[in-house]
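Chemist: This is the content of data.tsv (TSV, C-alpha atoms and all ligand atoms):
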```tsv
chain	number	residue	atom	x	y	z
O	7	MET	CA	-27.58	9.15	-36.23
O	8	GLU	CA	-24.26	10.72	-35.41
O	9	LYS	CA	-21.23	8.72	-36.43
O	10	ARG	CA	-17.66	8.72	-35.31
O	11	VAL	CA	-14.50	7.15	-36.65
O	12	CYS	CA	-12.75	4.92	-34.10
O	13	GLY	CA	-9.17	6.07	-33.62
O	14	LEU	CA	-7.88	2.50	-33.40
O	15	CYS	CA	-9.76	0.30	-35.86
O	16	GLU	CA	-10.75	3.32	-38.01
O	17	GLU	CA	-14.29	2.00	-38.52
O	18	THR	CA	-17.07	4.55	-38.87
O	19	LEU	CA	-19.53	3.67	-36.12
O	20	ASP	CA	-22.69	4.91	-34.37
O	21	LEU	CA	-22.06	6.85	-31.18
O	22	THR	CA	-23.65	3.92	-29.30
O	23	SER	CA	-20.47	1.96	-30.10
O	24	PHE	CA	-18.54	4.32	-27.80
O	25	TYR	CA	-18.70	4.47	-24.00
O	26	ASN	CA	-19.54	8.16	-24.22
O	27	ASP	CA	-19.04	11.03	-26.61
O	28	GLU	CA	-15.68	11.93	-25.14
O	29	ARG	CA	-14.14	8.62	-26.17
O	30	PHE	CA	-12.20	8.18	-29.37
O	31	TYR	CA	-11.91	4.39	-29.42
O	32	CYS	CA	-14.93	2.16	-29.95
O	33	ILE	CA	-15.90	-0.13	-27.04
O	34	PRO	CA	-14.26	-3.33	-28.43
O	35	CYS	CA	-11.07	-1.37	-29.12
O	36	GLU	CA	-11.09	0.12	-25.59
O	37	ARG	CA	-11.47	-3.36	-24.15
O	38	TYR	CA	-8.70	-4.65	-26.34
O	39	SER	CA	-6.30	-1.87	-25.45
O	40	ALA	CA	-7.11	-2.19	-21.74
O	41	ARG	CA	-6.30	-5.91	-21.94
O	42	SER	CA	-3.00	-5.35	-23.68
O	43	ARG	CA	-2.15	-2.59	-21.22
O	44	MET	CA	-2.78	-5.06	-18.39
O	45	ARG	CA	-0.63	-7.66	-20.12
O	46	ARG	CA	2.20	-5.16	-20.52
O	47	TYR	CA	1.75	-4.03	-16.93
O	48	GLY	CA	1.96	-7.64	-15.73
O	49	ARG	CA	5.42	-7.86	-17.25
O	50	THR	CA	6.79	-4.78	-15.52
O	51	LEU	CA	8.45	-4.98	-12.13
O	52	ARG	CA	5.61	-3.00	-10.57
O	53	GLY	CA	3.03	-5.25	-12.23
O	54	LYS	CA	4.77	-8.44	-11.09
O	55	ALA	CA	5.03	-7.11	-7.55
O	56	ALA	CA	1.36	-6.09	-7.56
O	57	ASN	CA	0.34	-9.57	-8.75
O	58	ALA	CA	2.47	-11.30	-6.13
O	59	LEU	CA	1.08	-9.06	-3.39
O	60	GLN	CA	-2.47	-9.69	-4.56
O	61	THR	CA	-1.90	-13.45	-4.55
O	62	SER	CA	-0.69	-13.36	-0.96
O	63	ARG	CA	-3.71	-11.28	0.11
O	64	LYS	CA	-6.06	-13.74	-1.62
O	65	THR	CA	-4.49	-16.65	0.24
O	66	ILE	CA	-4.99	-14.86	3.55
O	67	ARG	CA	-8.61	-13.99	2.78
O	68	LYS	CA	-9.49	-17.39	1.40
O	69	ASN	CA	-8.12	-19.24	4.42
O	70	ARG	CA	-9.11	-16.55	6.91
O	71	TYR	CA	-5.61	-16.49	8.34
O	72	GLU	CA	-5.30	-14.08	11.22
O	73	VAL	CA	-1.78	-12.89	10.56
O	74	VAL	CA	0.05	-9.60	10.53
O	75	ASP	CA	-0.31	-8.13	7.06
O	76	ASP	CA	1.56	-4.91	6.52
O	77	LEU	CA	3.35	-5.80	3.31
O	78	THR	CA	3.29	-2.90	0.87
O	79	LEU	CA	3.73	-2.76	-2.87
O	80	MET	CA	7.00	-0.88	-2.37
O	81	ASP	CA	8.27	-3.70	-0.11
O	82	VAL	CA	7.61	-6.30	-2.80
O	83	ILE	CA	9.10	-4.10	-5.53
O	84	TRP	CA	12.20	-3.68	-3.40
O	85	VAL	CA	12.55	-7.41	-2.67
O	86	MET	CA	12.10	-8.18	-6.37
O	87	ALA	CA	14.45	-5.44	-7.53
O	88	THR	CA	17.22	-6.66	-5.24
O	89	SER	CA	16.80	-10.35	-6.00
O	90	GLU	CA	18.69	-12.32	-8.58
O	91	GLY	CA	16.10	-15.03	-9.03
O	92	CYS	CA	14.74	-17.74	-6.79
O	93	ASP	CA	16.32	-17.42	-3.35
O	94	TYR	CA	16.41	-21.19	-2.93
O	95	CYS	CA	17.71	-22.56	-6.22
O	96	GLY	CA	18.92	-19.41	-7.97
O	97	ASN	CA	16.67	-20.00	-10.93
O	98	VAL	CA	15.92	-16.84	-12.85
O	99	THR	CA	12.32	-16.96	-13.97
O	100	ASN	CA	9.55	-14.52	-14.69
O	101	GLU	CA	7.26	-16.35	-12.34
O	102	LEU	CA	8.84	-15.64	-8.99
O	103	GLN	CA	6.41	-15.94	-6.11
O	104	ILE	CA	6.40	-14.62	-2.59
O	105	ASP	CA	7.44	-17.35	-0.19
O	106	HIS	CA	6.50	-16.87	3.45
O	107	ILE	CA	9.45	-18.21	5.37
O	108	ILE	CA	7.24	-18.97	8.34
O	109	PRO	CA	4.16	-20.15	6.44
O	110	LEU	CA	0.99	-18.07	6.71
O	111	SER	CA	-0.74	-21.26	7.85
O	112	LYS	CA	1.65	-21.40	10.80
O	113	GLY	CA	1.05	-17.81	11.81
O	114	GLY	CA	3.86	-16.21	9.81
O	115	GLY	CA	3.10	-12.66	8.73
O	116	ASN	CA	2.63	-11.15	5.32
O	117	THR	CA	5.38	-8.75	6.16
O	118	ILE	CA	8.75	-7.68	4.76
O	119	SER	CA	10.72	-9.64	7.34
O	120	ASN	CA	8.97	-12.92	6.56
O	121	ILE	CA	9.11	-13.03	2.79
O	122	THR	CA	11.56	-14.09	0.18
O	123	LEU	CA	11.25	-14.96	-3.49
O	124	ALA	CA	10.89	-18.50	-4.73
O	125	CYS	CA	10.23	-20.13	-8.07
O	126	ALA	CA	6.94	-22.01	-8.34
O	127	HIS	CA	8.80	-25.31	-8.03
O	128	GLU	CA	10.49	-24.50	-4.71
O	129	ASN	CA	7.38	-22.83	-3.38
O	130	ARG	CA	5.37	-25.98	-4.05
O	131	SER	CA	8.09	-28.15	-2.58
O	132	LYS	CA	8.30	-26.12	0.63
O	133	HIS	CA	4.51	-25.82	0.79
O	134	ASN	CA	3.59	-25.09	4.39
O	135	ARG	CA	6.66	-26.39	6.09
O	136	ALA	CA	8.90	-24.26	8.24
O	137	LEU	CA	12.18	-23.42	6.54
O	138	LEU	CA	14.32	-25.72	8.65
O	139	ASP	CA	11.84	-28.60	8.49
O	140	TRP	CA	12.25	-28.46	4.75
O	141	ARG	CA	15.95	-27.87	4.14
O	142	GLU	CA	19.19	-28.31	6.02
O	143	TYR	CA	20.59	-25.16	7.56
O	144	ASP	CA	23.56	-25.03	5.19
O	145	ASP	CA	21.26	-25.00	2.16
O	146	VAL	CA	19.29	-22.01	3.38
O	147	ALA	CA	21.89	-20.10	5.40
O	148	HIS	CA	22.05	-17.44	2.65
O	149	VAL	CA	18.29	-16.87	2.88
O	150	ILE	CA	18.47	-16.53	6.65
O	151	GLU	CA	21.32	-14.03	6.29
O	152	LYS	CA	19.28	-12.05	3.77
O	153	VAL	CA	16.30	-11.89	6.11
O	154	ALA	CA	18.54	-10.82	9.00
O	155	SER	CA	20.04	-8.01	6.94
O	156	ARG	CA	16.60	-6.84	5.77
O	157	ARG	CA	15.50	-6.62	9.37
O	158	GLY	CA	18.79	-5.26	10.65
O	159	VAL	CA	19.07	-8.00	13.27
O	160	SER	CA	21.50	-10.84	13.90
O	161	VAL	CA	21.32	-14.22	12.23
O	162	ALA	CA	20.94	-15.78	15.68
O	163	GLN	CA	17.82	-13.75	16.34
O	164	VAL	CA	16.23	-14.82	13.07
O	165	LEU	CA	17.20	-18.43	13.67
O	166	GLU	CA	15.52	-18.42	17.02
O	167	GLU	CA	12.23	-17.54	15.34
O	168	PHE	CA	12.69	-19.90	12.45
O	169	THR	CA	13.51	-22.92	14.55
O	170	PRO	CA	10.30	-24.89	14.96
U	1	ZN	ZN	-12.45	0.46	-32.88
U	2	ZN	ZN	13.81	-22.09	-7.30
```
Represent the structure from my file as structure tokens, please.
Ligand SMILES: [Zn+2]
Ligand SMILES: [Zn+2]
Modeler:
Amino acid sequence: MEKRVCGLCEETLDLTSFYNDERFYCIPCERYSARSRMRRYGRTLRGKAANALQTSRKTIRKNRYEVVDDLTLMDVIWVMATSEGCDYCGNVTNELQIDHIIPLSKGGGNTISNITLACAHENRSKHNRALLDWREYDDVAHVIEKVASRRGVSVAQVLEEFTP
């Protein structure tokens, strides 16, 4: 039987140990390198944004929320790239999550104008409360200003929507 040397582990193996005869890594090595590629990808900005976007889509599907969902990967990358950590407590962590300012469960959209970044702690704490049911205005004024500037509208206009 024809043999081939795997380019990664350098074992001499039967061709059946390869996905097909155009592959140079054996199957276990391909799986291993795919996993480590995914791990590396998960640490990049694009990977983090993709994960966060996927999580929000899962939540919508799982709960069958009928909400506007036009959030794109570029939107999330942009929000992440321009953020300096959790928008609520300022914590810089690798685990920033998308927070829906008007919760998805309350009809808020998965859309650029309704998201901000929160650490897992703040996201849990806010849970599905409206922003101003959760915190005093003064504590979240900076988030409201950020949302207004992302949308290019006035703070008053955003406030009107965010006031339960
Ligand atoms: Zn190998
Ligand atoms: Zn935080």
Chemist: What residues have any atom no more than 9 Å from ligand ZN 1 (chain U) when counting all atoms listed in the file, and can you list them as an MDAnalysis selection string?
Modeler: chainID O and resid 11:19 23:24 30:36
Chemist: Within 8 Å of Val74 of chain O, counting all atoms listed in the file, which residues qualify if same-chain residues fewer than 6 places away don't, as an NGL selection string?
Modeler: :O and (114-117)
Chemist: Counting all atoms listed in the file, which protein, DNA or RNA residues come within 9 Å of ligand ZN 2 (chain U), given as an NGL selection string?
Modeler: :O and (91-99 or 102 or 123-129)
Chemist: Which residue gives the smallest distance to Ile104 of chain O among O:Met44, O:Val82, O:Val73, O:Ile66, with all atoms listed in the file counted?
Modeler: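 Selected residue with least distance to Ile104 of chain O: O:Val82.
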Chemist: Counting only C-alpha atoms, which residue out of O:His148, O:Lys112, O:Arg156, O:Lys54 sits closest to Arg135 of chain O?
Modeler: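 Distance minimum relative to Arg135 of chain O lands on O:Lys112.
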Chemist: Would you mind reading off the distance between atom CA of Leu137 of chain O and atom CA of Ile108 of chain O, one decimal, in Å?
Modeler: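 If I compute the distance from atom CA of Leu137 of chain O to atom CA of Ile108 of chain O, I get 6.9 Å.
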Chemist: Any idea what the distance is between atom CA of Leu165 of chain O and atom CA of Asp81 of chain O?
Modeler: 22.1 Å
Chemist: Generate all heavy atoms for segment 121-132 of chain O and emit them as a CSV table (one decimal), in the coordinates of the input.
Modeler:
```
chain,number,residue,atom,x,y,z
O,121,ILE,N,9.3,-12.6,4.2
O,121,ILE,CA,9.1,-13.0,2.8
O,121,ILE,C,10.4,-13.1,2.1
O,121,ILE,O,11.4,-12.5,2.4
O,121,ILE,CB,8.2,-12.1,2.0
O,121,ILE,CG1,8.8,-10.7,1.8
O,121,ILE,CG2,6.8,-12.1,2.5
O,121,ILE,CD1,8.2,-9.9,0.7
O,122,THR,N,10.4,-14.0,1.1
O,122,THR,CA,11.6,-14.1,0.2
O,122,THR,C,11.0,-14.5,-1.2
O,122,THR,O,9.8,-14.8,-1.3
O,122,THR,CB,12.6,-15.1,0.8
O,122,THR,OG1,13.8,-14.9,0.1
O,122,THR,CG2,12.2,-16.5,0.7
O,123,LEU,N,11.8,-14.6,-2.2
O,123,LEU,CA,11.2,-15.0,-3.5
O,123,LEU,C,11.6,-16.4,-3.8
O,123,LEU,O,12.7,-16.8,-3.6
O,123,LEU,CB,11.8,-14.0,-4.6
O,123,LEU,CG,11.4,-12.6,-4.5
O,123,LEU,CD1,12.0,-11.8,-5.7
O,123,LEU,CD2,9.8,-12.5,-4.6
O,124,ALA,N,10.7,-17.1,-4.4
O,124,ALA,CA,10.9,-18.5,-4.7
O,124,ALA,C,10.3,-18.8,-6.1
O,124,ALA,O,9.3,-18.2,-6.4
O,124,ALA,CB,10.3,-19.4,-3.7
O,125,CYS,N,10.9,-19.7,-6.8
O,125,CYS,CA,10.2,-20.1,-8.1
O,125,CYS,C,9.0,-21.0,-7.7
O,125,CYS,O,8.9,-21.5,-6.5
O,125,CYS,CB,11.2,-20.9,-9.0
O,125,CYS,SG,11.8,-22.4,-8.3
O,126,ALA,N,8.2,-21.2,-8.6
O,126,ALA,CA,6.9,-22.0,-8.3
O,126,ALA,C,7.3,-23.4,-7.8
O,126,ALA,O,6.7,-24.0,-6.9
O,126,ALA,CB,6.1,-22.1,-9.6
O,127,HIS,N,8.4,-24.0,-8.4
O,127,HIS,CA,8.8,-25.3,-8.0
O,127,HIS,C,9.2,-25.4,-6.6
O,127,HIS,O,8.7,-26.3,-5.8
O,127,HIS,CB,10.0,-25.7,-8.9
O,127,HIS,CG,10.6,-27.0,-8.5
O,127,HIS,ND1,10.0,-28.2,-8.8
O,127,HIS,CD2,11.7,-27.3,-7.8
O,127,HIS,CE1,10.8,-29.2,-8.3
O,127,HIS,NE2,11.8,-28.6,-7.7
O,128,GLU,N,10.0,-24.5,-6.1
O,128,GLU,CA,10.5,-24.5,-4.7
O,128,GLU,C,9.3,-24.2,-3.8
O,128,GLU,O,9.2,-24.7,-2.7
O,128,GLU,CB,11.6,-23.5,-4.5
O,128,GLU,CG,12.8,-23.7,-5.3
O,128,GLU,CD,13.7,-24.8,-4.9
O,128,GLU,OE1,13.6,-25.3,-3.8
O,128,GLU,OE2,14.6,-25.3,-5.7
O,129,ASN,N,8.5,-23.2,-4.2
O,129,ASN,CA,7.4,-22.8,-3.4
O,129,ASN,C,6.4,-24.0,-3.1
O,129,ASN,O,6.0,-24.2,-2.0
O,129,ASN,CB,6.6,-21.7,-4.1
O,129,ASN,CG,6.1,-20.7,-3.0
O,129,ASN,OD1,6.2,-20.9,-1.8
O,129,ASN,ND2,5.4,-19.6,-3.5
O,130,ARG,N,6.2,-24.8,-4.2
O,130,ARG,CA,5.4,-26.0,-4.0
O,130,ARG,C,6.0,-27.0,-3.1
O,130,ARG,O,5.4,-27.6,-2.3
O,130,ARG,CB,5.1,-26.6,-5.4
O,130,ARG,CG,3.7,-26.4,-5.9
O,130,ARG,CD,3.4,-27.4,-7.1
O,130,ARG,NE,4.5,-27.5,-8.0
O,130,ARG,CZ,4.7,-26.7,-9.1
O,130,ARG,NH1,3.9,-25.7,-9.3
O,130,ARG,NH2,5.7,-26.9,-9.9
O,131,SER,N,7.4,-27.2,-3.3
O,131,SER,CA,8.1,-28.2,-2.6
O,131,SER,C,8.1,-27.8,-1.1
O,131,SER,O,7.9,-28.7,-0.2
O,131,SER,CB,9.5,-28.2,-3.1
O,131,SER,OG,10.4,-28.7,-2.2
O,132,LYS,N,8.3,-26.5,-0.8
O,132,LYS,CA,8.3,-26.1,0.6
O,132,LYS,C,6.9,-26.2,1.2
O,132,LYS,O,6.7,-26.6,2.3
O,132,LYS,CB,8.8,-24.7,0.7
O,132,LYS,CG,8.9,-24.2,2.2
O,132,LYS,CD,9.7,-22.9,2.2
O,132,LYS,CE,9.7,-22.2,3.6
O,132,LYS,NZ,8.4,-21.5,3.9
```
